[in-house]
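Peer 1: data_7.txt is the file, holding compact mmCIF, C-alpha atoms:
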# COMPACT_ATOMS: atom_id res chain seq x y z
CA MET A 30 -46.62 -19.21 -21.01
CA SER A 31 -43.84 -21.01 -22.83
CA THR A 32 -41.63 -23.47 -21.04
CA ILE A 33 -38.49 -24.77 -22.65
CA ASN A 34 -36.88 -27.91 -21.30
CA SER A 35 -33.92 -29.90 -22.48
CA THR A 36 -35.80 -32.18 -24.88
CA ASN A 37 -38.49 -30.05 -26.48
CA SER A 38 -40.36 -26.79 -26.36
CA THR A 39 -43.93 -26.80 -25.10
CA THR A 40 -46.52 -24.11 -24.58
CA GLN A 41 -48.64 -24.29 -21.46
CA THR A 42 -51.42 -22.00 -20.35
CA GLY A 43 -51.99 -23.11 -16.76
CA SER A 44 -49.01 -24.03 -14.61
CA GLN A 45 -45.41 -24.74 -15.37
CA SER A 46 -44.21 -28.27 -15.90
CA SER A 47 -42.34 -29.93 -13.06
CA SER A 48 -39.04 -29.72 -14.93
CA GLY A 49 -39.57 -25.99 -15.60
CA THR A 50 -40.31 -25.39 -11.93
CA ALA A 51 -37.23 -27.34 -10.89
CA VAL A 52 -35.05 -25.32 -13.24
CA SER A 53 -36.45 -22.00 -12.03
CA ASN A 54 -36.02 -23.06 -8.39
CA ALA A 55 -32.44 -24.12 -9.07
CA VAL A 56 -31.67 -20.82 -10.74
CA THR A 57 -33.13 -18.64 -7.97
CA LYS A 58 -31.81 -20.63 -5.00
CA THR A 59 -28.17 -20.72 -3.99
CA LEU A 60 -26.56 -23.25 -1.73
CA GLY A 61 -25.91 -22.11 1.80
CA LYS A 62 -24.47 -23.56 4.98
CA ASP A 63 -27.63 -25.46 5.81
CA ASP A 64 -27.75 -27.00 2.34
CA PHE A 65 -24.14 -28.09 2.63
CA LEU A 66 -24.77 -29.73 6.00
CA LYS A 67 -27.86 -31.51 4.64
CA LEU A 68 -25.81 -32.77 1.71
CA LEU A 69 -23.06 -33.96 4.05
CA VAL A 70 -25.53 -35.80 6.30
CA THR A 71 -27.16 -37.38 3.24
CA GLU A 72 -23.75 -38.55 2.01
CA LEU A 73 -23.02 -40.08 5.39
CA ALA A 74 -26.41 -41.75 5.62
CA ASN A 75 -26.23 -43.23 2.12
CA GLN A 76 -22.61 -44.32 1.94
CA ASP A 77 -21.68 -47.93 1.49
CA PRO A 78 -20.86 -49.36 4.96
CA LEU A 79 -18.30 -51.73 3.46
CA GLN A 80 -16.50 -48.91 1.68
CA PRO A 81 -17.03 -45.76 3.74
CA MET A 82 -15.94 -42.40 2.47
CA ASP A 83 -12.48 -41.40 3.59
CA ASN A 84 -12.19 -38.64 6.22
CA LYS A 85 -9.89 -36.76 3.87
CA ASP A 86 -12.77 -36.38 1.41
CA PHE A 87 -14.98 -34.83 4.08
CA ILE A 88 -12.24 -32.48 5.17
CA ALA A 89 -11.59 -31.48 1.56
CA GLN A 90 -15.29 -30.76 1.01
CA MET A 91 -15.50 -28.68 4.18
CA ALA A 92 -12.37 -26.76 3.22
CA GLN A 93 -13.80 -26.01 -0.22
CA PHE A 94 -17.08 -24.86 1.28
CA SER A 95 -15.25 -22.70 3.82
CA SER A 96 -13.16 -21.11 1.06
CA LEU A 97 -16.26 -20.42 -1.01
CA GLU A 98 -18.00 -18.86 1.96
CA GLN A 99 -15.01 -16.62 2.67
CA MET A 100 -14.87 -15.52 -0.98
CA ASN A 101 -18.55 -14.59 -0.79
CA ASN A 102 -17.88 -12.61 2.39
CA VAL A 103 -14.99 -10.78 0.71
CA ALA A 104 -17.13 -10.00 -2.34
CA THR A 105 -19.86 -8.59 -0.09
CA SER A 106 -17.33 -6.49 1.80
CA VAL A 107 -15.82 -5.14 -1.42
CA ASN A 108 -19.27 -4.19 -2.70
CA ASP A 109 -20.03 -2.40 0.57
CA LEU A 110 -16.69 -0.59 0.40
CA ASN A 111 -17.36 0.43 -3.20
CA THR A 112 -20.75 1.85 -2.24
CA SER A 113 -19.20 3.79 0.64
CA MET A 114 -16.40 5.16 -1.54
CA GLU A 115 -18.88 6.32 -4.20
CA SER A 116 -20.88 8.09 -1.52
CA TYR A 117 -17.76 9.81 -0.12
CA PHE A 118 -16.68 10.84 -3.61
CA GLN A 119 -20.08 12.35 -4.37
CA GLN A 120 -20.10 14.19 -1.04
CA GLY A 121 -16.63 15.55 -1.81
CA LEU A 122 -17.72 16.82 -5.22
CA LEU A 123 -20.79 18.44 -3.72
CA SER A 124 -18.65 20.12 -1.05
CA GLN A 125 -16.27 21.43 -3.70
CA GLY A 126 -19.20 22.82 -5.64
CA ALA A 127 -20.64 24.46 -2.53
CA ALA A 128 -17.26 26.07 -1.82
CA LEU A 129 -17.52 27.84 -5.19
CA ILE A 130 -20.80 29.63 -4.35
CA GLY A 131 -20.28 33.39 -4.71
CA LYS A 132 -17.12 33.06 -6.78
CA GLN A 133 -16.60 34.05 -10.40
CA VAL A 134 -16.15 30.92 -12.54
CA SER A 135 -15.32 30.41 -16.21
CA GLY A 136 -15.62 27.19 -18.13
CA MET A 137 -16.28 25.53 -21.45
CA ASP A 138 -19.89 25.12 -22.51
CA THR A 139 -21.08 21.66 -23.50
CA ASP A 140 -20.37 22.44 -27.17
CA GLY A 141 -16.64 22.56 -26.31
CA GLU A 142 -16.12 25.90 -28.10
CA THR A 143 -17.94 28.59 -26.12
CA VAL A 144 -16.52 29.90 -22.87
CA ILE A 145 -19.18 30.80 -20.34
CA SER A 146 -18.61 32.71 -17.14
CA GLY A 147 -20.59 33.98 -14.23
CA LYS A 148 -20.97 34.06 -10.50
CA VAL A 149 -21.86 30.70 -8.92
CA ASP A 150 -25.36 31.13 -7.52
CA SER A 151 -26.12 27.54 -6.50
CA VAL A 152 -25.12 23.93 -6.98
CA LYS A 153 -27.46 21.20 -8.17
CA TRP A 154 -27.01 17.47 -8.35
CA LEU A 155 -27.90 15.92 -11.71
CA ASP A 156 -27.22 12.31 -12.73
CA GLY A 157 -24.48 11.85 -10.14
CA ASN A 158 -22.63 15.03 -11.08
CA PRO A 159 -22.69 18.40 -9.35
CA GLN A 160 -23.51 21.25 -11.68
CA LEU A 161 -22.99 24.93 -10.99
CA ASN A 162 -25.71 27.45 -11.75
CA LEU A 163 -23.90 30.55 -13.02
CA LEU A 164 -25.55 33.96 -12.87
CA GLN A 165 -24.24 35.80 -15.92
CA THR A 166 -23.85 39.56 -16.26
CA ASP A 167 -27.00 39.84 -18.39
CA GLY A 168 -29.07 38.22 -15.59
CA SER A 169 -29.49 34.85 -17.29
CA TYR A 170 -28.40 31.54 -15.83
CA LYS A 171 -26.14 28.94 -17.38
CA THR A 172 -25.26 25.51 -16.06
CA LEU A 173 -21.63 24.43 -15.86
CA GLU A 174 -20.40 20.99 -14.88
CA MET A 175 -17.55 20.79 -12.37
CA ASN A 176 -15.21 19.09 -14.86
CA GLN A 177 -15.64 21.98 -17.35
CA ILE A 178 -14.21 24.69 -15.06
CA ILE A 179 -11.28 26.62 -16.52
CA ASN A 180 -10.83 29.49 -14.08
CA VAL A 181 -12.03 30.47 -10.62
CA SER A 182 -11.63 33.97 -9.18
CA GLU A 183 -13.03 35.89 -6.21
Have the structure of the file written as structure tokens, please.
Peer 2:
Amino acid sequence: MSTINSTNSTTQTGSQSSSGTAVSNAVTKTLGKDDFLKLLVTELANQDPLQPMDNKDFIAQMAQFSSLEQMNNVATSVNDLNTSMESYFQQGLLSQGAALIGKQVSGMDTDGETVISGKVDSVKWLDGNPQLNLLQTDGSYKTLEMNQIINVSE
């Protein structure tokens, strides 16, 4: 295994060097509330008693940490909302496709030139897009994506 540190590149076969392990631990671990409190207690324990840290500094640090925590909460909430909206959108598309079952549909084939038409026999879900299975007059089936529909009739 190769380990690259700040001064040179070395190849090791057994275990990682201590600096490589420290770097990988730092990359995979994020600071949380407990880490912040440990850091704060360490600062208090190791400060110079003749020149103690000003209370304003502690308040500023806590405010920054609180703001960071709130931004992380907002980012998590936005991601959850995005996931929910994608799910609702996909369900809506699938419902629209299901509503077309039994109807005569025309649309452009994937080549963009040929118009295909047929009665919607079923709807399938492929790569996040609903696709209509059209039963054509000759008995063959063609697949039509929802965004390629030109005309719908009874």
Peer 1: Can you work out the spacing between CA of Gln125 (chain A) and CA of Asp138 (chain A) in Å, to one decimal?
Peer 2: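 Spanning CA of Gln125 (chain A) to CA of Asp138 (chain A) is a straight-line distance of 19.5 Å.
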Peer 1: Show which residues sit within 12 Å of region 98-102 of chain A, as a PyMOL selection string. Count all atoms listed in the file, and ignore same-chain residues fewer than 3 positions away.
Peer 2: chain A and resi 59-62+65+91-95+105-109
Peer 1: What does the distance between CA of Ile178 (chain A) and CA of Gly157 (chain A) come to in Å, to one decimal place?
Peer 2: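 A separation of 17.2 Å between them.
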Peer 1: At what distance in Å, to one decimal, does CA of Ser135 (chain A) lie from CA of Val181 (chain A)?
Peer 2: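 Answer for the CA of Val181 (chain A) to CA of Ser135 (chain A) separation: 6.5 Å.
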Peer 1: May I ask which of the residues A:Asp156, A:Glu115, A:Glu183, A:Asp167 is the closest one to Lys132 (chain A), counting only C-alpha atoms?
Peer 2: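 For Lys132 (chain A), the nearest of the given residues is A:Glu183.
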